[in-house]
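Source file: model26.txt; contents: compact mmCIF, C-alpha atoms.
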```txt
# COMPACT_ATOMS: atom_id res chain seq x y z
CA MET A 7 134.86 81.00 62.36
CA ALA A 8 132.91 83.93 60.99
CA SER A 9 131.35 86.16 63.62
CA GLY A 10 128.54 88.67 63.36
CA LYS A 11 125.97 90.75 65.29
CA PRO A 12 124.26 90.10 67.55
CA ALA A 13 126.96 87.99 69.13
CA SER A 14 126.08 84.37 69.80
CA GLY A 15 127.78 82.12 72.31
CA GLU A 16 129.91 80.75 69.47
CA ASP A 17 130.85 84.27 68.34
CA SER A 18 131.88 85.20 71.86
CA LEU A 19 133.97 82.04 72.19
CA ILE A 20 135.75 82.76 68.91
CA ALA A 21 136.35 86.40 69.75
CA ARG A 22 137.73 85.59 73.18
CA TYR A 23 139.97 82.62 72.46
CA PHE A 24 140.79 82.50 68.77
CA ARG A 25 140.62 85.98 67.25
CA PRO A 26 143.89 86.92 68.99
CA LEU A 27 145.54 84.03 67.11
CA ALA A 28 144.37 85.22 63.68
CA THR A 29 147.30 87.52 62.98
CA HIS A 30 147.51 86.86 59.23
CA PRO A 31 145.87 89.69 57.22
CA GLY A 32 144.12 87.08 55.09
CA ALA A 33 142.26 85.84 58.18
CA PHE A 34 140.27 89.13 58.31
CA ARG A 35 140.20 88.88 62.12
CA LEU A 36 137.85 85.88 61.67
CA ASP A 37 135.10 88.34 60.72
CA ASP A 38 134.37 86.74 57.35
CA ASP A 39 133.24 83.36 56.02
CA ALA A 40 136.56 82.50 54.40
CA ALA A 41 140.24 83.41 54.44
CA ALA A 42 142.60 84.36 51.63
CA LEU A 43 146.20 83.31 50.97
CA GLN A 44 148.12 85.55 48.59
CA PRO A 45 149.69 83.71 45.61
CA ASP A 46 153.47 84.02 45.60
CA GLY A 47 154.50 81.76 42.74
CA ASN A 48 154.62 78.63 44.92
CA ASP A 49 152.40 75.56 44.88
CA ILE A 50 150.02 75.27 47.84
CA VAL A 51 150.21 71.93 49.66
CA VAL A 52 147.12 71.02 51.70
CA THR A 53 146.88 68.39 54.43
CA THR A 54 144.29 67.61 57.10
CA ASP A 55 144.22 65.48 60.22
CA ALA A 56 141.72 65.14 63.03
CA ILE A 57 142.48 64.01 66.55
CA VAL A 58 139.70 62.47 68.63
CA GLU A 59 139.44 62.09 72.39
CA GLY A 60 139.95 58.50 73.39
CA VAL A 61 141.63 57.66 70.06
CA HIS A 62 144.50 60.12 69.54
CA PHE A 63 144.63 61.63 73.01
CA LEU A 64 143.35 60.60 76.42
CA PRO A 65 140.42 62.31 78.13
CA ASP A 66 142.66 63.62 80.92
CA ASP A 67 145.48 64.85 78.69
CA PRO A 68 146.25 68.52 79.40
CA PRO A 69 144.46 70.84 76.92
CA ASP A 70 147.69 72.58 75.93
CA THR A 71 149.13 69.26 74.73
CA VAL A 72 145.94 68.52 72.76
CA ALA A 73 146.28 71.85 70.94
CA ARG A 74 149.94 71.29 70.12
CA LYS A 75 149.33 67.75 68.89
CA ALA A 76 146.45 68.84 66.65
CA LEU A 77 148.60 71.37 64.81
CA ARG A 78 151.89 69.49 64.88
CA VAL A 79 150.65 66.27 63.27
CA ASN A 80 149.70 68.39 60.27
CA LEU A 81 153.01 70.25 60.24
CA SER A 82 154.70 66.84 60.16
CA ASP A 83 152.84 66.01 56.94
CA LEU A 84 153.88 69.31 55.38
CA ALA A 85 157.54 68.81 56.29
CA ALA A 86 157.55 65.35 54.72
CA LYS A 87 156.26 66.88 51.50
CA GLY A 88 159.04 69.49 51.51
CA ALA A 89 156.55 72.27 52.29
CA THR A 90 156.97 75.21 54.65
CA PRO A 91 153.92 76.22 56.73
CA ALA A 92 151.62 78.97 55.44
CA GLY A 93 148.61 78.76 57.76
CA PHE A 94 145.83 76.54 59.06
CA VAL A 95 142.11 76.34 59.72
CA LEU A 96 140.64 74.75 62.83
CA THR A 97 137.45 72.81 63.48
CA LEU A 98 136.72 72.27 67.15
CA ALA A 99 133.90 70.00 68.36
CA LEU A 100 133.19 70.58 72.05
CA ARG A 101 130.73 69.10 74.52
CA HIS A 102 130.58 72.48 76.25
CA ALA A 103 132.50 75.76 76.35
CA ASP A 104 134.73 75.28 79.38
CA GLU A 105 137.04 78.22 80.03
CA ALA A 106 139.36 76.08 82.17
CA TRP A 107 139.97 73.91 79.09
CA LEU A 108 139.70 76.49 76.29
CA LYS A 109 142.06 79.08 77.78
CA PRO A 110 145.20 76.85 77.91
CA PHE A 111 144.19 75.17 74.64
CA ALA A 112 144.03 78.50 72.80
CA ALA A 113 147.19 79.81 74.46
CA ALA A 114 149.22 76.77 73.42
CA LEU A 115 147.78 76.83 69.92
CA GLY A 116 148.80 80.47 69.57
CA GLU A 117 152.31 79.74 70.83
CA ASP A 118 152.79 76.95 68.30
CA ALA A 119 151.27 79.01 65.49
CA ALA A 120 153.92 81.66 66.21
CA LEU A 121 156.74 79.14 66.77
CA PHE A 122 156.16 77.43 63.42
CA ASN A 123 155.08 80.56 61.55
CA CYS A 124 151.73 78.95 60.74
CA PRO A 125 148.94 81.41 61.57
CA LEU A 126 145.30 80.60 62.22
CA LEU A 127 143.20 81.56 59.18
CA GLY A 128 139.72 80.47 60.24
CA GLY A 129 137.60 77.42 60.88
CA ASP A 130 134.50 76.37 62.79
CA THR A 131 133.32 75.56 66.30
CA VAL A 132 130.49 73.11 66.90
CA SER A 133 128.88 71.34 69.84
CA THR A 134 128.86 67.57 70.09
CA PRO A 135 127.41 65.04 72.53
CA GLY A 136 130.26 62.70 71.68
CA PRO A 137 134.01 62.78 72.27
CA LEU A 138 135.90 66.02 71.83
CA MET A 139 137.44 66.36 68.35
CA VAL A 140 140.00 68.77 66.93
CA SER A 141 140.54 68.90 63.17
CA VAL A 142 143.21 71.00 61.51
CA THR A 143 143.68 71.64 57.83
CA ALA A 144 147.14 73.07 57.20
CA PHE A 145 148.51 74.83 54.14
CA GLY A 146 152.15 74.85 53.07
CA ARG A 147 154.20 76.22 50.21
CA VAL A 148 156.68 74.56 47.86
CA PRO A 149 158.30 75.80 44.64
CA PRO A 150 156.23 74.77 41.60
CA GLY A 151 156.29 71.02 41.02
CA LYS A 152 158.68 70.36 43.91
CA MET A 153 156.39 68.57 46.40
CA ILE A 154 157.90 65.23 47.37
CA HIS A 155 155.47 62.34 46.90
CA ARG A 156 155.30 58.83 48.32
CA SER A 157 156.11 57.65 44.82
CA GLY A 158 159.63 57.99 43.44
CA ALA A 159 161.61 55.48 45.50
CA LYS A 160 164.00 53.43 43.34
CA PRO A 161 165.90 50.16 43.93
CA GLY A 162 169.33 50.77 45.40
CA GLU A 163 168.34 53.90 47.33
CA ARG A 164 168.74 54.13 51.07
CA VAL A 165 165.79 54.20 53.45
CA MET A 166 166.29 57.03 55.95
CA VAL A 167 164.35 58.13 59.02
CA THR A 168 164.63 61.12 61.33
CA GLY A 169 164.74 61.06 65.12
CA THR A 170 163.81 57.95 67.07
CA ILE A 171 161.06 55.38 66.64
CA GLY A 172 158.63 53.94 69.18
CA ASP A 173 158.76 56.55 71.94
CA ALA A 174 155.17 57.72 71.46
CA ALA A 175 153.81 54.16 71.57
CA LEU A 176 155.71 53.62 74.81
CA GLY A 177 154.45 56.93 76.18
CA LEU A 178 150.87 55.83 75.58
CA ALA A 179 151.63 52.48 77.21
CA VAL A 180 153.00 54.29 80.27
CA LEU A 181 149.84 56.38 80.54
CA LYS A 182 147.63 53.31 80.24
CA GLY A 183 149.42 51.45 83.02
CA GLY A 184 150.48 47.82 82.80
CA LYS A 185 153.96 46.36 82.50
CA VAL A 186 155.52 49.28 80.61
CA HIS A 187 154.25 51.72 83.23
CA ALA A 188 155.60 49.52 86.01
CA ALA A 189 158.96 49.05 84.29
CA ALA A 190 159.53 52.73 83.40
CA THR A 191 160.76 53.70 86.86
CA ASP A 192 163.10 56.50 85.77
CA VAL A 193 160.98 59.65 86.08
CA ALA A 194 162.83 61.67 83.45
CA ALA A 195 162.71 58.81 80.93
CA ARG A 196 159.03 58.19 81.63
CA ASP A 197 158.18 61.87 81.21
CA ALA A 198 160.15 61.99 77.94
CA LEU A 199 158.16 59.06 76.54
CA ILE A 200 154.84 60.62 77.58
CA GLY A 201 155.95 63.90 76.03
CA ARG A 202 156.61 62.20 72.70
CA TYR A 203 153.06 60.83 72.71
CA ARG A 204 151.34 64.02 73.77
CA VAL A 205 153.43 66.60 71.92
CA PRO A 206 155.02 65.43 68.64
CA GLN A 207 158.12 67.18 67.31
CA PRO A 208 157.39 67.91 63.64
CA ARG A 209 160.56 68.08 61.55
CA VAL A 210 159.75 71.45 60.02
CA ALA A 211 163.47 72.23 59.79
CA MET A 212 163.80 69.32 57.34
CA ALA A 213 161.29 70.60 54.75
CA GLU A 214 163.79 72.17 52.37
CA ILE A 215 166.29 69.35 52.89
CA VAL A 216 163.69 66.72 52.05
CA ARG A 217 162.77 68.75 48.97
CA ASP A 218 166.40 68.93 47.85
CA TYR A 219 167.43 65.32 48.45
CA ALA A 220 164.53 62.86 48.80
CA SER A 221 163.08 60.84 45.95
CA ALA A 222 160.07 59.79 48.07
CA SER A 223 158.91 60.83 51.52
CA MET A 224 156.10 60.62 54.07
CA ASP A 225 155.73 61.10 57.78
CA VAL A 226 155.52 58.16 60.17
CA SER A 227 152.11 58.36 61.83
CA ASP A 228 150.71 54.81 61.80
CA GLY A 229 153.95 52.95 62.52
CA LEU A 230 157.26 52.67 60.67
CA ALA A 231 156.56 49.21 59.22
CA GLY A 232 153.14 49.98 57.82
CA ASP A 233 154.03 53.44 56.56
CA LEU A 234 157.13 52.12 54.80
CA ALA A 235 154.90 49.53 53.12
CA LYS A 236 152.61 52.34 51.93
CA LEU A 237 155.53 54.30 50.48
CA CYS A 238 156.93 51.21 48.78
CA GLY A 239 153.54 50.23 47.41
CA VAL A 240 152.97 53.60 45.75
CA SER A 241 156.53 53.55 44.40
CA GLY A 242 156.22 49.99 43.07
CA VAL A 243 159.19 48.70 45.07
CA SER A 244 159.99 46.86 48.30
CA ALA A 245 162.68 47.30 50.96
CA VAL A 246 164.97 45.39 53.28
CA ILE A 247 165.30 46.93 56.73
CA ASP A 248 168.06 46.23 59.26
CA LEU A 249 166.26 46.14 62.61
CA PRO A 250 169.35 47.02 64.71
CA SER A 251 169.75 50.19 62.63
CA ILE A 252 166.33 51.56 63.58
CA PRO A 253 167.05 54.50 65.92
CA LEU A 254 165.77 54.15 69.47
CA SER A 255 165.92 56.54 72.39
CA SER A 256 167.83 55.42 75.46
CA ALA A 257 164.53 54.90 77.30
CA ALA A 258 163.13 52.71 74.53
CA ARG A 259 166.36 50.75 74.14
CA ASP A 260 166.44 50.06 77.87
CA LEU A 261 162.90 48.63 77.79
CA VAL A 262 163.80 46.44 74.79
CA LEU A 263 167.00 45.13 76.36
CA ARG A 264 165.11 44.28 79.55
CA GLY A 265 162.55 42.32 77.57
CA ILE A 266 159.67 44.58 78.60
CA VAL A 267 158.72 45.36 75.01
CA GLY A 268 159.77 44.00 71.64
CA LEU A 269 160.97 45.90 68.60
CA GLU A 270 157.82 44.88 66.73
CA ALA A 271 155.69 46.98 69.09
CA LEU A 272 157.91 50.00 68.47
CA ILE A 273 157.88 49.84 64.67
CA THR A 274 154.13 49.25 64.41
CA GLY A 275 152.83 51.44 67.24
CA GLY A 276 152.38 54.78 65.49
CA ASP A 277 152.42 58.46 66.56
CA ASP A 278 156.15 58.90 65.86
CA TYR A 279 155.69 61.81 63.42
CA GLU A 280 159.20 61.38 62.09
CA ILE A 281 160.09 61.67 58.39
CA LEU A 282 160.63 58.49 56.39
CA CYS A 283 162.31 59.04 53.05
CA THR A 284 164.46 57.45 50.37
CA ILE A 285 167.75 58.95 49.24
CA ALA A 286 170.04 58.03 46.35
CA GLU A 287 173.19 56.31 47.62
CA ASP A 288 175.50 59.05 46.32
CA ARG A 289 173.48 61.74 48.11
CA VAL A 290 173.16 60.14 51.55
CA GLU A 291 176.23 61.84 53.01
CA ALA A 292 175.17 65.30 51.82
CA PHE A 293 171.63 64.69 53.09
CA SER A 294 172.95 63.62 56.50
CA GLN A 295 175.22 66.66 56.74
CA ALA A 296 172.35 69.00 55.85
CA ALA A 297 170.17 67.37 58.50
CA GLU A 298 172.95 67.73 61.07
CA ARG A 299 173.22 71.44 60.30
CA ALA A 300 169.45 71.68 60.83
CA GLY A 301 169.81 69.96 64.21
CA VAL A 302 167.92 66.81 63.23
CA ALA A 303 169.36 63.31 63.63
CA VAL A 304 168.85 60.98 60.67
CA SER A 305 169.55 57.25 60.36
CA SER A 306 170.00 54.91 57.43
CA ILE A 307 167.90 51.84 58.21
CA GLY A 308 167.78 49.83 55.00
CA THR A 309 167.71 49.63 51.24
CA VAL A 310 165.02 49.93 48.57
CA VAL A 311 164.83 46.77 46.46
CA ALA A 312 162.88 45.70 43.40
CA GLY A 313 159.64 43.83 43.96
CA SER A 314 156.20 44.28 45.45
CA ALA A 315 156.39 42.24 48.66
CA PHE A 316 155.91 43.70 52.11
CA PRO A 317 159.28 45.09 53.30
CA LYS A 318 161.55 42.60 55.02
CA PHE A 319 162.81 43.28 58.54
CA ILE A 320 166.11 41.53 59.33
CA ASP A 321 167.38 41.05 62.88
CA GLY A 322 170.96 41.14 64.12
CA GLN A 323 171.48 37.47 63.22
CA GLY A 324 170.37 37.97 59.63
CA ARG A 325 166.95 36.37 60.16
CA GLU A 326 163.77 37.82 58.72
CA ILE A 327 161.21 38.73 61.37
CA ALA A 328 157.57 38.07 60.49
CA LEU A 329 155.40 40.87 61.90
CA GLU A 330 152.11 39.79 63.46
CA ARG A 331 150.91 43.37 63.27
CA ARG A 332 151.99 45.80 60.57
CA SER A 333 150.65 49.20 61.62
CA TYR A 334 148.01 51.06 63.56
CA SER A 335 144.65 51.11 61.81
CA HIS A 336 141.43 52.91 62.73
CA PHE A 337 139.28 50.20 61.16
```
Give the structure from the file, written as structure tokens.
Amino acid sequence: MASGKPASGEDSLIARYFRPLATHPGAFRLDDDAAALQPDGNDIVVTTDAIVEGVHFLPDDPPDTVARKALRVNLSDLAAKGATPAGFVLTLALRHADEAWLKPFAAALGEDAALFNCPLLGGDTVSTPGPLMVSVTAFGRVPPGKMIHRSGAKPGERVMVTGTIGDAALGLAVLKGGKVHAAATDVAARDALIGRYRVPQPRVAMAEIVRDYASASMDVSDGLAGDLAKLCGVSGVSAVIDLPSIPLSSAARDLVLRGIVGLEALITGGDDYEILCTIAEDRVEAFSQAAERAGVAVSSIGTVVAGSAFPKFIDGQGREIALERRSYSHF
């Protein structure tokens, strides 16, 4: 986001909307071609995610929610690695510079940058004839060698997940209309589901706890079932999951009990941005207590087992459920 003289339209856009967000001294007020993070003895964890109009958010989603989602999906990755936020860079591809869209987008981005102590360091703005795209690369810090990987899960450990699963998928279904929209008649419940889709709640408060207790961890972005399979695959293990133990919100549980949606749709739908991790059996209680002190609900949903098969999902009658779909996939 470097700016110079004479000012171009891009420079003016950056100066007006994004320079006020660049509060970190290493951002150099966005006047240079790069930023600088001061070394402090920690490892730097880097993650990047892009969100695309029509794929990750709807064309009529409010711009403030687009900004928050773009940053928060990256903060979710950092938290699952045990990393605390250090800053981010932004790439914004716009069809045109629309103040009515950019002003609330930048304001919300600045609010979240302050809320999560993750300042804007720089980036780029480009024009595009295609769908709007927001890409964030976020940087986090962990003590040397302490990043938690997807590998490391061991047979006998418990599979744990934060928060609730499936709300974002239901929120998207509500926005798209159809039977879920028609069935979600409670306004507060419907708004809560939409909120989970538009504005994820990254578990930043869990970063240190994950670092202290988890043997393997990742965030749930493409669906619980598929992401668990990824974690197990890298770790060289499998898992057995108790479907009734998967945490659901009251709104999601109501839709399941009424037969509007099945559990399979909730565990494969994606956009949960919860933390999925494995914890040694003798550390589960301490992990749960630490999470409670941090204000984050955690649930034990299954067990890591030896093997390389796709994780098994067992219903309340002890039967294995074969999933027709395993996760969200772009391709």
With all atoms listed in the file as the counted atoms, please give the residues lying no more than 6 Å from Ile281 in chain A, apart from itself and same-chain residues fewer than 4 positions off, as a short mmCIF file (atom, residue, chain, number, x, y, z; two decimals) with C-alpha atoms, keeping the file's coordinate frame.
```
data_model
loop_
_atom_site.label_atom_id
_atom_site.label_comp_id
_atom_site.auth_asym_id
_atom_site.auth_seq_id
_atom_site.Cartn_x
_atom_site.Cartn_y
_atom_site.Cartn_z
CA ALA A 86 157.55 65.35 54.72
CA VAL A 167 164.35 58.13 59.02
CA THR A 168 164.63 61.12 61.33
CA MET A 224 156.10 60.62 54.07
CA ASP A 225 155.73 61.10 57.78
#
```
Go through A:Thr274, A:Ser244, A:Gln207, A:Ser82 and flag the residue nearest Ser157 in chain A, using only C-alpha atoms for the distances.
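Answer, going by the shortest atom-to-atom distance: A:Ser244.
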Can you measure CA of Val240 in chain A to CA of Glu163 in chain A for me? One decimal in Å is fine.
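CA of Val240 in chain A sits 15.5 Å away from CA of Glu163 in chain A.
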Show me as a PyMOL selection string the residues that reach within 6 Å of (149.0, 78.4, 59.9), counting all atoms listed in the file and using the file's own coordinates.
chain A and resi 92-94+124-126
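If you look at CA of Lys185 in chain A and CA of Tyr203 in chain A, they are 17.5 Å away from each other.
For the choices A:Met153, A:Val165, A:Cys283, A:Val267, the atom-to-atom distance to Ala245 in chain A is smallest for A:Val165 when using only C-alpha atoms.
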Output as JSON lines one row per residue of range 153-237 of chain A within 8 Å of range 71-80 of chain A: the closest atom pair and its distance in Å to one decimal place, counting all atoms listed in the file, sorted by chain and residue number ascending.
```
{"residue": "A:Arg204", "atom": "CA", "partner": "A:Thr71", "partner_atom": "CA", "distance": 5.8}
{"residue": "A:Val205", "atom": "CA", "partner": "A:Lys75", "partner_atom": "CA", "distance": 5.2}
{"residue": "A:Pro206", "atom": "CA", "partner": "A:Lys75", "partner_atom": "CA", "distance": 6.1}
{"residue": "A:Gln207", "atom": "CA", "partner": "A:Arg78", "partner_atom": "CA", "distance": 7.1}
{"residue": "A:Pro208", "atom": "CA", "partner": "A:Arg78", "partner_atom": "CA", "distance": 5.9}
```
Choose the residue, out of A:Ile20, A:Leu43, A:Leu282, A:Val148, that has the smallest atom-to-atom separation from Thr97 in chain A; count all atoms listed in the file.
A:Ile20
Would you be able to write out as number ranges by chain which residues have an atom within 10 Å of (161.4, 41.7, 62.1) in the file's coordinates, counting only C-alpha atoms?
A: 231, 247-250, 268-270, 273, 317-322, 325-330
Out of A:Ala292, A:Leu64, A:Ala312, A:Leu115, which residue has the shortest atom-to-atom distance to Lys182 in chain A when counting all atoms listed in the file?
A:Leu64
